[in-house]
Structures are given as C-alpha cells and as structure tokens.
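What follows is the content of target.cif, which has mmCIF, C-alpha atoms:
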data_input
#
loop_
_atom_site.label_atom_id
_atom_site.label_comp_id
_atom_site.auth_asym_id
_atom_site.auth_seq_id
_atom_site.Cartn_x
_atom_site.Cartn_y
_atom_site.Cartn_z
CA MET G 1 153.21 41.41 47.53
CA LYS G 2 151.32 38.25 48.54
CA LYS G 3 149.04 38.72 45.54
CA TYR G 4 151.99 38.85 43.15
CA LEU G 5 153.67 35.85 44.80
CA PHE G 6 150.44 33.90 44.41
CA MET G 7 150.22 34.86 40.73
CA ILE G 8 153.82 33.76 40.18
CA PHE G 9 153.08 30.43 41.94
CA VAL G 10 150.05 29.85 39.72
CA LEU G 11 152.05 30.61 36.59
CA ILE G 12 154.89 28.30 37.63
CA SER G 13 152.45 25.53 38.62
CA GLY G 14 150.57 25.84 35.35
CA THR G 15 153.80 25.73 33.39
CA SER G 16 155.06 22.63 35.22
CA ILE G 17 151.72 20.84 34.75
CA SER G 18 151.72 21.68 31.05
CA ALA G 19 155.32 20.54 30.73
CA GLN G 20 154.51 17.23 32.41
CA PHE G 21 151.62 16.56 30.03
CA ASP G 22 153.61 17.72 27.01
CA ALA G 23 156.45 15.35 27.93
CA LEU G 24 154.08 12.38 27.71
CA PHE G 25 151.34 13.24 25.22
CA THR G 26 150.23 15.31 22.28
CA LYS G 27 146.95 17.23 22.46
CA GLU G 28 145.25 14.60 20.30
CA THR G 29 143.33 11.44 21.21
CA LEU G 30 144.32 7.81 20.79
CA ARG G 31 141.12 5.87 20.17
CA LEU G 32 140.87 2.09 20.49
CA ASP G 33 137.78 0.40 19.05
CA TYR G 34 137.06 -3.13 20.22
CA ILE G 35 134.33 -5.72 20.70
CA HIS G 36 133.29 -6.74 24.22
CA SER G 37 131.60 -10.13 24.23
CA GLY G 38 130.57 -12.92 26.55
CA ASN G 39 127.67 -13.97 28.75
CA ALA G 40 126.68 -13.77 32.41
CA PHE G 41 129.66 -15.87 33.44
CA GLN G 42 132.56 -14.79 31.24
CA GLU G 43 133.77 -11.94 29.06
CA SER G 44 136.48 -11.17 26.52
CA ILE G 45 137.71 -8.28 24.40
CA ALA G 46 138.70 -8.48 20.74
CA TYR G 47 140.73 -5.60 19.36
CA GLY G 48 139.35 -3.84 16.30
CA SER G 49 141.34 -0.78 15.25
CA SER G 50 143.21 2.31 16.43
CA SER G 51 142.87 5.89 15.25
CA LYS G 52 144.12 9.37 16.08
CA GLU G 53 141.42 11.95 16.78
CA GLN G 54 142.21 15.61 16.30
CA PHE G 55 141.30 16.80 19.82
CA TRP G 56 142.07 15.76 23.38
CA GLY G 57 139.18 17.20 25.38
CA GLY G 58 140.18 15.85 28.79
CA SER G 59 142.19 17.23 31.66
CA GLN G 60 145.92 17.72 31.25
CA LEU G 61 146.35 17.74 35.03
CA ASN G 62 144.23 14.89 36.40
CA LEU G 63 145.56 12.07 34.27
CA ILE G 64 145.17 9.36 36.91
CA ASP G 65 141.65 8.40 37.99
CA THR G 66 141.30 8.74 41.76
CA PHE G 67 137.63 7.73 42.00
CA TYR G 68 137.79 4.08 40.90
CA TYR G 69 134.18 4.26 39.73
CA GLY G 70 132.84 1.97 37.05
CA ASN G 71 132.80 -1.70 36.11
CA HIS G 72 135.84 -1.28 33.87
CA TYR G 73 139.13 0.59 34.05
CA VAL G 74 141.54 1.61 31.28
CA GLU G 75 145.23 2.28 31.80
CA LEU G 76 148.22 3.46 29.82
CA ILE G 77 151.58 2.19 31.07
CA ASP G 78 154.78 3.80 29.83
CA GLU G 79 156.74 0.95 28.24
CA LYS G 80 160.21 2.10 29.24
CA SER G 81 159.60 2.99 32.89
CA GLY G 82 156.56 0.84 33.67
CA THR G 83 154.85 3.94 35.09
CA LEU G 84 151.10 4.41 34.98
CA ILE G 85 150.60 7.61 32.97
CA TYR G 86 146.83 7.62 32.41
CA SER G 87 143.74 5.85 33.75
CA ARG G 88 139.95 6.16 33.70
CA GLY G 89 137.00 4.16 35.00
CA TYR G 90 133.88 3.57 32.93
CA CYS G 91 130.85 1.34 32.52
CA SER G 92 129.36 -0.35 29.49
CA LEU G 93 126.14 -1.61 27.98
CA PHE G 94 127.72 -5.06 27.97
CA ALA G 95 128.19 -5.03 31.76
CA GLU G 96 124.53 -4.11 32.24
CA TRP G 97 123.42 -6.83 29.84
CA GLN G 98 125.43 -9.40 31.84
CA THR G 99 122.92 -8.98 34.68
CA THR G 100 119.89 -9.87 32.52
CA ALA G 101 118.23 -13.28 32.20
CA GLU G 102 119.19 -13.45 28.53
CA ALA G 103 122.90 -13.37 29.41
CA LYS G 104 122.57 -16.69 31.23
CA THR G 105 121.73 -18.52 28.00
CA LEU G 106 123.26 -16.44 25.20
CA VAL G 107 126.62 -15.01 24.12
CA ARG G 108 126.47 -11.48 22.72
CA SER G 109 128.93 -8.88 21.42
CA PHE G 110 128.91 -5.12 21.98
CA GLU G 111 130.89 -2.29 20.44
CA GLU G 112 133.06 -0.26 22.81
CA THR G 113 135.79 2.35 22.62
CA ALA G 114 138.61 3.46 24.91
CA VAL G 115 140.19 6.88 24.51
CA PHE G 116 143.47 8.26 25.85
CA PRO G 117 145.61 11.32 25.27
CA PHE G 118 147.87 10.40 22.36
CA PRO G 119 151.22 9.14 23.75
CA LEU G 120 154.58 10.30 22.45
CA LYS G 121 156.31 7.00 23.22
CA PRO G 122 155.35 3.30 23.17
CA VAL G 123 152.86 2.27 25.84
CA GLN G 124 150.94 -0.73 27.08
CA ALA G 125 147.17 -0.19 26.95
CA ARG G 126 145.25 -2.28 29.47
CA ILE G 127 141.55 -2.83 30.13
CA LEU G 128 140.46 -4.24 33.47
CA SER G 129 137.03 -5.44 34.57
CA ARG G 130 135.54 -5.97 38.03
CA ASP G 131 134.93 -9.52 39.21
CA GLU G 132 132.03 -10.60 41.46
CA GLU G 133 133.96 -9.36 44.49
CA GLY G 134 134.38 -5.91 42.98
CA VAL G 135 138.11 -6.33 42.30
CA PHE G 136 139.55 -5.17 38.98
CA GLN G 137 141.04 -8.04 36.95
CA LEU G 138 143.10 -7.68 33.77
CA LEU G 139 140.95 -8.45 30.74
CA PHE G 140 142.95 -7.12 27.79
CA SER G 141 146.42 -5.73 27.08
CA MET G 142 148.25 -4.62 23.96
CA ARG G 143 151.38 -2.72 23.04
CA ILE G 144 150.89 0.53 21.16
CA ASP G 145 153.64 2.31 19.28
CA PRO G 146 152.49 5.84 18.41
CA SER G 147 154.52 5.67 15.19
CA ASP G 148 152.58 2.60 14.00
CA TYR G 149 151.24 3.32 10.50
CA PHE G 150 148.18 1.19 11.24
CA ILE G 151 146.88 3.94 13.53
CA LYS G 152 144.40 5.56 11.18
CA PRO G 153 144.02 9.32 10.85
CA PHE G 154 140.60 10.38 12.06
CA LYS G 155 138.18 11.47 9.35
CA THR G 156 136.31 14.71 9.86
CA THR G 157 132.75 14.86 8.61
CA GLY G 158 132.47 18.57 7.89
CA LEU G 159 129.18 18.64 9.78
CA PRO G 160 128.27 22.00 11.32
CA VAL G 161 128.95 22.48 15.03
CA TYR G 162 126.51 24.54 17.08
CA GLU G 163 128.36 26.12 20.01
CA LEU G 164 125.86 26.44 22.84
CA LEU G 165 128.12 27.34 25.76
CA ILE G 166 131.85 28.03 25.55
CA ASN G 167 133.56 29.16 28.77
CA ARG G 168 137.06 27.71 28.87
CA ASP G 169 139.82 25.82 27.15
CA PRO G 170 138.76 22.14 26.89
CA SER G 171 141.61 21.08 29.20
CA ILE G 172 140.00 22.92 32.14
CA ALA G 173 136.32 22.39 31.35
CA VAL G 174 133.66 19.71 31.36
CA ASP G 175 133.07 19.35 27.62
CA ILE G 176 129.70 17.93 26.54
CA VAL G 177 128.84 17.07 22.95
CA ILE G 178 125.17 16.66 22.06
CA ILE G 179 124.32 14.26 19.24
CA PRO G 180 120.85 14.36 17.64
CA ASP G 181 119.11 11.14 16.67
CA GLY G 182 115.94 11.00 14.62
CA PHE G 183 116.07 14.64 13.53
CA THR G 184 116.02 15.01 9.74
CA LEU G 185 117.75 17.82 7.87
CA GLU G 186 114.45 19.70 7.81
CA GLU G 187 114.22 19.30 11.61
CA MET G 188 117.67 20.70 12.46
CA GLU G 189 116.22 23.99 13.70
CA GLN G 190 114.01 22.00 16.04
CA PHE G 191 117.07 20.12 17.29
CA LYS G 192 118.94 23.39 17.84
CA LEU G 193 116.04 24.56 19.98
CA ARG G 194 116.04 21.29 21.93
CA SER G 195 119.80 21.55 22.50
CA GLU G 196 119.37 25.10 23.78
CA GLN G 197 116.73 23.75 26.15
CA PHE G 198 119.19 21.06 27.25
CA VAL G 199 121.57 23.78 28.44
CA GLU G 200 118.77 25.62 30.21
CA TYR G 201 117.50 22.42 31.84
CA LEU G 202 120.90 21.20 33.04
CA PHE G 203 121.74 24.45 34.79
CA ARG G 204 118.38 24.71 36.50
CA PHE G 205 119.67 22.23 39.03
CA GLU G 206 122.36 22.55 41.67
CA PRO G 207 125.24 21.93 41.85
CA PHE G 208 125.45 22.34 38.06
CA LYS G 209 123.94 25.83 38.26
CA LYS G 210 126.70 27.35 40.39
CA HIS G 211 129.42 25.74 38.27
CA LYS G 212 128.05 26.68 34.85
CA ASP G 213 131.26 28.60 34.09
CA LYS G 214 133.20 25.31 34.13
CA PHE G 215 131.27 23.77 31.21
CA ASN G 216 131.51 23.87 27.42
CA ILE G 217 128.59 22.45 25.42
CA ARG G 218 128.56 21.87 21.66
CA ALA G 219 125.97 20.20 19.44
CA LEU G 220 126.83 18.39 16.21
CA LEU G 221 124.23 19.04 13.52
CA VAL G 222 124.06 15.52 12.08
CA PRO G 223 120.79 14.77 10.26
CA SER G 224 118.97 11.45 10.20
CA ALA G 225 117.45 9.99 7.05
CA GLU G 226 114.13 9.48 8.83
CA THR G 227 112.43 11.03 11.82
CA GLY G 228 111.81 9.39 15.18
CA VAL G 229 113.31 6.54 17.18
CA ALA G 230 113.00 2.77 16.88
CA ILE G 231 110.16 1.19 18.88
CA PRO G 232 110.54 -2.55 18.13
CA ALA G 233 107.30 -3.58 19.85
CA LYS G 234 105.40 -1.43 17.35
CA GLY G 235 107.48 -2.48 14.35
CA GLU G 236 108.90 1.04 13.98
CA TRP G 237 112.49 1.07 12.71
CA PRO G 238 113.38 4.51 11.29
CA GLU G 239 116.82 5.00 9.74
CA THR G 240 118.56 7.41 12.11
CA ALA G 241 122.04 8.77 12.77
CA VAL G 242 123.00 6.40 15.61
CA SER G 243 120.08 3.92 15.60
CA SER G 244 118.69 4.60 19.07
CA SER G 245 115.99 2.18 20.16
CA PHE G 246 113.48 1.74 22.95
CA TYR G 247 113.09 -1.74 24.45
CA THR G 248 116.82 -2.12 25.04
CA PHE G 249 117.14 -5.42 26.95
CA ASP G 250 113.37 -5.71 26.31
CA SER G 251 112.70 -2.91 28.81
CA GLU G 252 110.25 -0.53 27.14
CA ARG G 253 111.53 2.80 28.45
CA TYR G 254 115.23 1.88 28.21
CA CYS G 255 116.30 3.68 25.03
CA MET G 256 119.94 3.22 23.99
CA THR G 257 122.12 2.61 20.94
CA TYR G 258 124.35 -0.35 20.13
CA GLU G 259 126.15 1.68 17.40
CA HIS G 260 128.92 2.83 19.72
CA HIS G 261 131.67 3.20 17.13
CA ARG G 262 129.43 5.31 14.92
CA LEU G 263 128.59 7.45 17.95
CA ARG G 264 132.29 8.01 18.66
CA ASP G 265 132.89 8.91 15.00
CA LEU G 266 130.45 11.77 15.46
CA ALA G 267 131.54 12.84 18.94
CA GLY G 268 135.18 13.02 17.88
CA GLN G 269 134.45 15.97 15.62
CA VAL G 270 134.80 18.24 18.68
CA PRO G 271 136.62 18.14 22.03
CA TYR G 272 134.48 16.15 24.47
CA ASP G 273 134.40 14.47 27.86
CA GLN G 274 130.76 13.41 27.85
CA ILE G 275 128.39 12.36 25.05
CA TYR G 276 124.68 13.13 25.27
CA ILE G 277 122.19 11.88 22.65
CA LEU G 278 118.89 13.74 22.26
CA THR G 279 116.25 11.67 20.48
CA ASN G 280 113.38 13.09 18.47
CA THR G 281 110.47 11.55 20.35
CA LYS G 282 107.86 12.39 22.97
CA LYS G 283 108.00 8.87 24.37
CA TYR G 284 109.37 8.73 27.92
CA GLY G 285 112.72 7.01 28.21
CA GLY G 286 116.48 7.12 27.98
CA GLY G 287 119.55 5.92 29.81
CA GLY G 288 122.92 6.93 31.15
CA ILE G 289 126.11 4.88 31.53
CA TYR G 290 129.16 6.19 33.35
CA ASN G 291 131.78 7.60 30.96
CA PHE G 292 130.02 5.81 28.08
CA TYR G 293 127.12 7.99 26.92
CA CYS G 294 123.74 9.38 28.01
CA LEU G 295 120.48 9.50 26.09
CA SER G 296 117.07 11.03 26.68
CA SER G 297 113.90 11.98 24.83
CA ALA G 298 114.05 15.57 23.64
CA ASN G 299 110.31 16.19 23.46
CA ASN G 300 108.95 14.65 26.65
CA SER G 301 107.31 16.82 29.32
CA ALA G 302 109.71 15.38 31.92
CA SER G 303 112.78 16.20 29.79
CA PRO G 304 114.46 18.52 32.36
CA GLU G 305 114.43 15.88 35.07
CA ILE G 306 115.28 13.03 32.68
CA ILE G 307 118.26 14.95 31.30
CA VAL G 308 119.77 15.74 34.68
CA HIS G 309 119.03 12.24 36.06
CA GLU G 310 120.75 10.49 33.16
CA PHE G 311 123.66 12.92 33.28
CA GLY G 312 124.05 12.03 36.95
CA HIS G 313 124.71 8.46 35.82
CA GLY G 314 126.96 9.27 32.88
CA PHE G 315 129.02 12.06 34.39
CA ALA G 316 129.27 11.39 38.13
CA GLY G 317 128.72 7.62 38.29
CA LEU G 318 125.59 7.97 40.41
CA GLY G 319 123.48 4.87 40.93
CA ASP G 320 119.71 4.64 40.72
CA GLU G 321 118.14 5.16 44.13
CA TYR G 322 114.76 3.73 43.18
CA TYR G 323 113.71 0.18 43.94
CA ASP G 324 110.03 0.00 43.02
CA SER G 325 110.23 0.07 39.21
CA SER G 326 110.63 -2.90 36.92
CA THR G 327 113.97 -3.43 35.16
CA SER G 328 115.51 -6.27 33.18
CA TYR G 329 118.34 -6.69 35.70
CA GLU G 330 118.75 -9.67 37.99
CA GLU G 331 121.04 -9.45 41.04
CA PHE G 332 122.58 -6.24 39.75
CA TYR G 333 124.55 -5.75 43.00
CA ASN G 334 126.45 -8.14 45.22
CA LEU G 335 125.07 -7.32 48.68
CA LYS G 336 128.18 -8.77 50.35
CA ILE G 337 130.43 -5.97 49.08
CA GLU G 338 130.23 -2.19 48.90
CA PRO G 339 128.98 -0.94 45.51
CA TRP G 340 131.30 1.53 43.79
CA GLU G 341 128.58 4.13 43.16
CA PRO G 342 128.98 7.04 45.62
CA ASN G 343 125.27 7.39 46.48
CA ILE G 344 124.26 3.84 47.45
CA THR G 345 125.62 1.53 50.14
CA THR G 346 125.24 -1.98 51.50
CA LEU G 347 126.74 -0.72 54.80
CA VAL G 348 129.64 -3.15 54.29
CA ASN G 349 132.01 -0.18 54.25
CA PHE G 350 129.86 2.88 54.89
CA ASP G 351 132.88 4.89 56.08
CA GLN G 352 133.91 5.40 52.45
CA LYS G 353 130.48 6.74 51.45
CA TRP G 354 128.45 9.67 52.85
CA LYS G 355 128.81 8.83 56.56
CA HIS G 356 130.53 12.20 57.09
CA LEU G 357 127.33 13.93 55.92
CA VAL G 358 125.07 12.13 58.43
CA ASP G 359 124.40 13.81 61.78
CA GLU G 360 125.55 11.75 64.77
CA SER G 361 122.01 11.78 66.15
CA THR G 362 120.56 10.22 62.97
CA PRO G 363 119.76 6.51 63.34
CA VAL G 364 121.33 4.10 60.86
CA PRO G 365 119.31 2.73 59.13
CA THR G 366 117.07 5.80 59.09
CA PRO G 367 113.26 5.50 59.38
CA ASP G 368 111.66 6.04 55.99
CA ASN G 369 108.89 8.40 57.06
CA GLU G 370 107.97 12.06 56.56
CA GLY G 371 109.74 13.10 59.72
CA TRP G 372 113.03 12.57 57.88
CA ASP G 373 112.16 14.47 54.71
CA GLY G 374 115.05 16.61 53.55
CA LYS G 375 117.50 14.96 55.96
CA THR G 376 120.64 13.05 55.03
CA GLY G 377 120.49 9.55 56.41
CA VAL G 378 120.62 5.90 55.42
CA PHE G 379 117.25 4.86 53.97
CA GLU G 380 116.67 1.26 52.93
CA GLY G 381 115.75 0.67 49.30
CA GLY G 382 117.83 1.54 46.25
CA GLY G 383 119.76 0.03 43.39
CA TYR G 384 116.59 -1.75 42.13
CA VAL G 385 116.03 -3.69 45.37
CA ALA G 386 113.92 -2.92 48.44
CA LYS G 387 116.19 -4.63 50.96
CA GLY G 388 119.94 -4.60 51.58
CA ILE G 389 120.86 -1.42 49.69
CA TYR G 390 120.52 2.03 51.19
CA ARG G 391 120.24 5.56 49.77
CA PRO G 392 121.17 8.95 51.31
CA SER G 393 117.76 10.66 51.23
CA ARG G 394 114.08 9.82 51.13
CA ASP G 395 113.93 11.48 47.73
CA CYS G 396 116.41 12.77 45.16
CA LEU G 397 116.65 13.27 41.41
CA MET G 398 118.30 9.84 41.32
CA HIS G 399 115.14 8.40 42.93
CA THR G 400 112.02 10.25 41.75
CA PHE G 401 111.40 13.62 40.13
CA LYS G 402 109.11 14.87 42.91
CA GLY G 403 111.64 16.93 44.84
CA ASN G 404 113.62 18.28 41.87
CA ILE G 405 116.88 18.36 43.84
CA PHE G 406 119.94 16.18 44.27
CA CYS G 407 120.53 14.90 47.79
CA ALA G 408 123.65 16.00 49.68
CA ALA G 409 125.62 12.85 48.78
CA CYS G 410 124.85 13.14 45.07
CA SER G 411 125.62 16.87 45.07
CA GLU G 412 128.99 16.24 46.68
CA ALA G 413 129.85 13.52 44.13
CA ILE G 414 128.86 15.77 41.22
CA GLU G 415 130.95 18.67 42.51
CA GLU G 416 133.99 16.46 43.01
CA MET G 417 133.72 15.31 39.40
CA ILE G 418 133.29 18.86 38.09
CA PHE G 419 136.48 19.92 39.87
CA PHE G 420 138.33 16.84 38.59
CA TYR G 421 137.63 17.85 34.99
CA SER G 422 138.00 21.61 35.39
CA GLU G 423 141.25 21.92 37.36
#
Using the file provided, produce a representation of the structure as structure tokens.
Amino acid sequence: MKKYLFMIFVLISGTSISAQFDALFTKETLRLDYIHSGNAFQESIAYGSSSKEQFWGGSQLNLIDTFYYGNHYVELIDEKSGTLIYSRGYCSLFAEWQTTAEAKTLVRSFEETAVFPFPLKPVQARILSRDEEGVFQLLFSMRIDPSDYFIKPFKTTGLPVYELLINRDPSIAVDIVIIPDGFTLEEMEQFKLRSEQFVEYLFRFEPFKKHKDKFNIRALLVPSAETGVAIPAKGEWPETAVSSSFYTFDSERYCMTYEHHRLRDLAGQVPYDQIYILTNTKKYGGGGIYNFYCLSSANNSASPEIIVHEFGHGFAGLGDEYYDSSTSYEEFYNLKIEPWEPNITTLVNFDQKWKHLVDESTPVPTPDNEGWDGKTGVFEGGGYVAKGIYRPSRDCLMHTFKGNIFCAACSEAIEEMIFFYSE
C-alpha cells in the first residue's frame, strides 16, 4: 500500500510541477543577444536582438537559481504580478577581461547571450552584475512581450546531430552539446571519435561516473573550412566554425572564442544546458566559464584531465585552486569578501563553504605538507594567489592533474548541480 501511495504522490507532484511550468512558459527558449562592453572600472549592456529557439533544454522544476554563483545574474519578472519566475547565474569572458592590465587602458566589447524558457505573458528581463563588494547590481532591464513580431524565429541549420548518450527527457537531464572547431568535412569521423572519447573521459571521474544516467550528450557535426585553431603568435589564422584562438588575453594556453552569438546559433540546434567546444589541435590549452561555455584541445595527451577540469568551471562554477601558474589576471579576487566559487575561501565567511566537511581536529589553516594528503582542510594558496585564498585539499583536479580526483568540496558542489538539473 505504501508503495502505491508513493507512486500516486510522485504522479501528482509531477503533474503539479508540469502544470506550474506550463502556466508560465512554452517548451521553447527565449534568446537575448547583446553586447557587453566597458573597461576595468565600468560596464554596460547594449541590446541586440531576440529570437525563439525550438527547444528548452533546462529544468522545468528548478526555475529559480538557489546557488547565486557567477559574476552575473539573469532574471525574468512576471509583468502583471511582479513575481520572479526564472533566474540563473553565469560568468562571462568580459568579466575575466576586466581583471587584465589591458582593461585599465582600453574599452572593449564582447558578445553575450541570455536564455530563458519562452514566457507566455509579458515579462521584464533583467541582467545584474556583481560590484567590487560581491553584491549584484542592476545593469540592464527591458520589457519583453512574447507576441512581439520582432522576436525572430530561430533558423535551423540542418546539420547532422550525433547522439552520444541519451538517457532522459531534457527537462530532467544535464544536456551537453559538443561543438567541433577546426575539423573539416573530411575530418568529421575524427571528430566523432574525439566526441566519443569525451564521453568516456568525463565519466572516468567521480562524481560524474555514478551519475552518468542523468546526462544526455549530443555532438553537432559542423565542419570548418580549414583545419586547426588560431595561434596568433605564429601567424596562424585558420577559418573555423567558431574561430577559437589561443593567446586569449595574450595568455598562450588560454584558448577561447569571441564568436559567442555564432556559438549559440549552433548550440541551439539541440536541447542543451552546457556547451563544450572540442578543438582540432594537439596544443595544450582551453578554458571554462560558468554557464557560458567550455573549450579544450581534442588531441592533447592530457585531454581527459583538461576536459573534466574545464567542465568543473563551466558546469559547477568551481574556481581554480592553483596559484603557481602565470595568468593575465590582476587582483582577480577581492580578499576582503568571500568569493562565490564553492571550492575556494578567504575565510571571511567560511561557514557557507566546506567547513562542514572538515574534521574538528583539523587545524585551520591546515599545514600544506604530505601528512595531510587526501584530507579535507583549509590549505593556503588558490585562485591564482599564494596568500589569502584557501583551497579544500592539497591536490584536486581543479589544482593539478597528479591525483586525478576531485576533492570532497568539489565533488559535493558537482553533485548538487547535477541534482539541480536532473530533478
């Protein structure tokens, strides 16, 4: 009897959740393209265009972001009631660039996109950005009427889709779309092999391995005109699908794309939550930005670790735990406040981080010596600086690739995000 009552409860709950979503949204996506510009001291957003994509790949249950990760935050406010009906945190290439030396003397513009489930009634779309104190401030707001004829229908490309792993309906799965860059039409079979390896690599590592049944992964077979990836320092500029390039922010191994709208055009051909670009190069490099996109070299010997490290950034909002490698960033974190990333702390408000995972007998800060290998603690050095920021473990996939595991704090953050998408 209890079993049947439970089944009835699940059915009723599922029906009510579906009804709530269906009362607010269609199962399509409202896409806002805009330009994010400014310098190290100021920023602004200029609206570009709106379109309706054919799929909504996100959750129909968890419409309100409860993590508050990211440098930016998007919201949909129901016009009639003033109720918040959707929100998500994210980061951007622009926000990273703001911390470089160049941003102190130059104004630049970057393409960005915000996506929402398509509303049935007029809404106010808002974009907020964190200030130096970590507080979200309103940056942009506009009224959107879903009946507006200026909302363009999304154009499908007709490109083949390679289904690598399909477990669930997109509304209860983490949906990843893989985009190839630098693979010509003649190299599509090679890309298919690399995308199959992506799946194998990702699920080598816990906690992804034990939650494999909660993921869908599709690859879009989009060819590039030329093979390879741009390496500006060598004068190499191949014509590729999304124009990925090493030396982003003049950091050799940082390989990213500025063609964000083009990237979204491709990703929108399938239901997706996360975008992952695989580049046709052996050169070490890549990048991952929370709820923006991830990128890594498909042919490098460290590809398994690179893939899962960058996905830790893009999917779970994990910060870099290393501090002894050169980057283009200057004063990336304000040491007077708690960073939003779940796996680094300034100890300003450690209670909201992984304190519950640290044994009471463990000293804080924790000595960084071999006696504490494999233990959860508070080790100084992380977030690109040696002093003032602390990490949960001596080593982790967000630090080096020596141990080949995520620390307890990172694992917990990843699992929480998997459940958020798959409920």
*Chain and number of each residue from the PyMOL selection byres ((chain G and resi 157) around 8), as a list in words*: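 On the file shown, the PyMOL selection byres ((chain G and resi 157) around 8) covers Lys155, Thr156, Gly158, Leu159, Leu266 and Gln269 of chain G.
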*Tell me, as a list of chain:residue names, which residues lie within 8 Å of Glu321 in chain G, counting only C-alpha atoms; anything in the same chain fewer than 4 positions away does not count.*
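Using only C-alpha atoms, the neighbours found are G:Asn343, G:Ile344, G:Gly381, G:Gly382, G:Gly383, G:Tyr384, G:Arg391, G:Cys396, G:Met398, G:His399.
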_Report as a ChimeraX atom specification all protein, DNA and RNA residues lying within 8 Å of Ala302 in chain G, evaluated on all atoms listed in the file, omitting residues in the same chain fewer than 3 positions from it._
/G:284,305-306
*In Å, with one decimal, what is the gap from CA of Ala316 in chain G to CA of Arg262 in chain G?*
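A separation of 24.0 Å between them.
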_Output check: residues returned by the PyMOL selection byres ((chain G and resi 197-203) around 9), as an MDAnalysis selection string_ = chainID G and resid 164:165 192:196 204:212 217 278 298 303:305 307:308 311
*Smallest atom-to-atom distance to Ala409 in chain G: which of G:Phe67, G:Tyr421, G:Trp354, G:Tyr149, using only C-alpha atoms?*
G:Trp354
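Interatomic distance, CA of Ser297 in chain G to CA of Ser92 in chain G: 20.3 Å.
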*Any chance you could work out the residue set of the PyMOL selection byres ((chain G and resi 225-228) around 8) here, as an MDAnalysis selection string?*
chainID G and resid 181:185 223:224 229:230 238:241 279:281
*For the atom pair CA of Met142 in chain G and CA of Trp340 in chain G, what is the interatomic distance in Å to one decimal place?*
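Distance reported for this atom pair: 26.8 Å.
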Taking 5 positions as the minimum chain separation for residues in the same chain, which residues sit within 9 Å of range 347-350 of chain G when counting only C-alpha atoms? Answer as a PDB file with C-alpha atoms, in the frame of the given file.
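Output file out13.pdb is given in full below:
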ATOM      1  CA  LEU G 335     125.070  -7.320  48.680  1.00  0.00           C
ATOM      2  CA  LYS G 336     128.180  -8.770  50.350  1.00  0.00           C
ATOM      3  CA  ILE G 337     130.430  -5.970  49.080  1.00  0.00           C
ATOM      4  CA  GLU G 338     130.230  -2.190  48.900  1.00  0.00           C
ATOM      5  CA  LYS G 355     128.810   8.830  56.560  1.00  0.00           C
ATOM      6  CA  GLY G 388     119.940  -4.600  51.580  1.00  0.00           C
ATOM      7  CA  ILE G 389     120.860  -1.420  49.690  1.00  0.00           C
ATOM      8  CA  TYR G 390     120.520   2.030  51.190  1.00  0.00           C
TER       9      TYR G 390
END
Around all of range 258-270 of chain G's listed atoms, make the axis-aligned box with 8 Å on each side and tell me centre and edge lengths in Å to one decimal, as AutoDock Vina command-line options.
--center_x 129.8 --center_y 8.9 --center_z 17.5 --size_x 26.8 --size_y 34.6 --size_z 21.2
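For the set G:Phe419, G:Tyr69, G:Phe25, G:Tyr86, the residue with the smallest atom-to-atom gap to Phe55 in chain G is G:Phe25, counting only C-alpha atoms.
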_Distance query Leu357 in chain G at most 12 Å, all atoms listed in the file, self and fewer than 3 positions along chain excluded, as a VMD selection string_ = chain G and resid 343 350 to 354 360 to 362 375 to 378 392 to 393 407 to 412
*Place a sphere of radius 7 Å on (132.6, 16.8, 21.0) in the file coordinates and name every protein, DNA or RNA residue with an atom inside or on its surface, counting all atoms listed in the file; give the answer as a list in words.*
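The residues near that point, listed by chain and number, are Ile176, Val177, Arg218, Ala267, Gly268, Gln269, Val270, Pro271 and Tyr272 of chain G.
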Preceding selection exported with C-alpha atoms as a PDB file, in the frame of the given file:
ATOM      1  CA  ILE G 176     129.700  17.930  26.540  1.00  0.00           C
ATOM      2  CA  VAL G 177     128.840  17.070  22.950  1.00  0.00           C
ATOM      3  CA  ARG G 218     128.560  21.870  21.660  1.00  0.00           C
ATOM      4  CA  ALA G 267     131.540  12.840  18.940  1.00  0.00           C
ATOM      5  CA  GLY G 268     135.180  13.020  17.880  1.00  0.00           C
ATOM      6  CA  GLN G 269     134.450  15.970  15.620  1.00  0.00           C
ATOM      7  CA  VAL G 270     134.800  18.240  18.680  1.00  0.00           C
ATOM      8  CA  PRO G 271     136.620  18.140  22.030  1.00  0.00           C
ATOM      9  CA  TYR G 272     134.480  16.150  24.470  1.00  0.00           C
TER      10      TYR G 272
END
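Shortest atom-to-atom contact with Val161 in chain G among G:Phe406, G:Ile178, G:Lys52, G:Asp145: G:Ile178, counting all atoms listed in the file.
Considering only C-alpha atoms, the residue among G:Arg31, G:His72, G:Arg88, G:His313 positioned nearest to Ile414 in chain G is G:His313.
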*Residues within 12 Å of (137.2, 0.0, 41.8), counting all atoms listed in the file, listed as an NGL selection string*: :G and (65-74 or 87-91 or 128-137 or 317 or 337-342)
*Excluding Asp273 in chain G and residues on its chain fewer than 3 positions from it, collect all residues at most 7 Å away from it, counting all atoms listed in the file, and give them as a list in words.*
Gly57, Gly58, Val174, Asp175 and Ile176 of chain G
*asked:* Using only C-alpha atoms for the distances, tell me which of G:Leu295, G:Asn167, G:Ile77, G:Ser245 is nearest to Ser141 in chain G.
replied: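 For Ser141 in chain G, the nearest of the candidates is G:Ile77.
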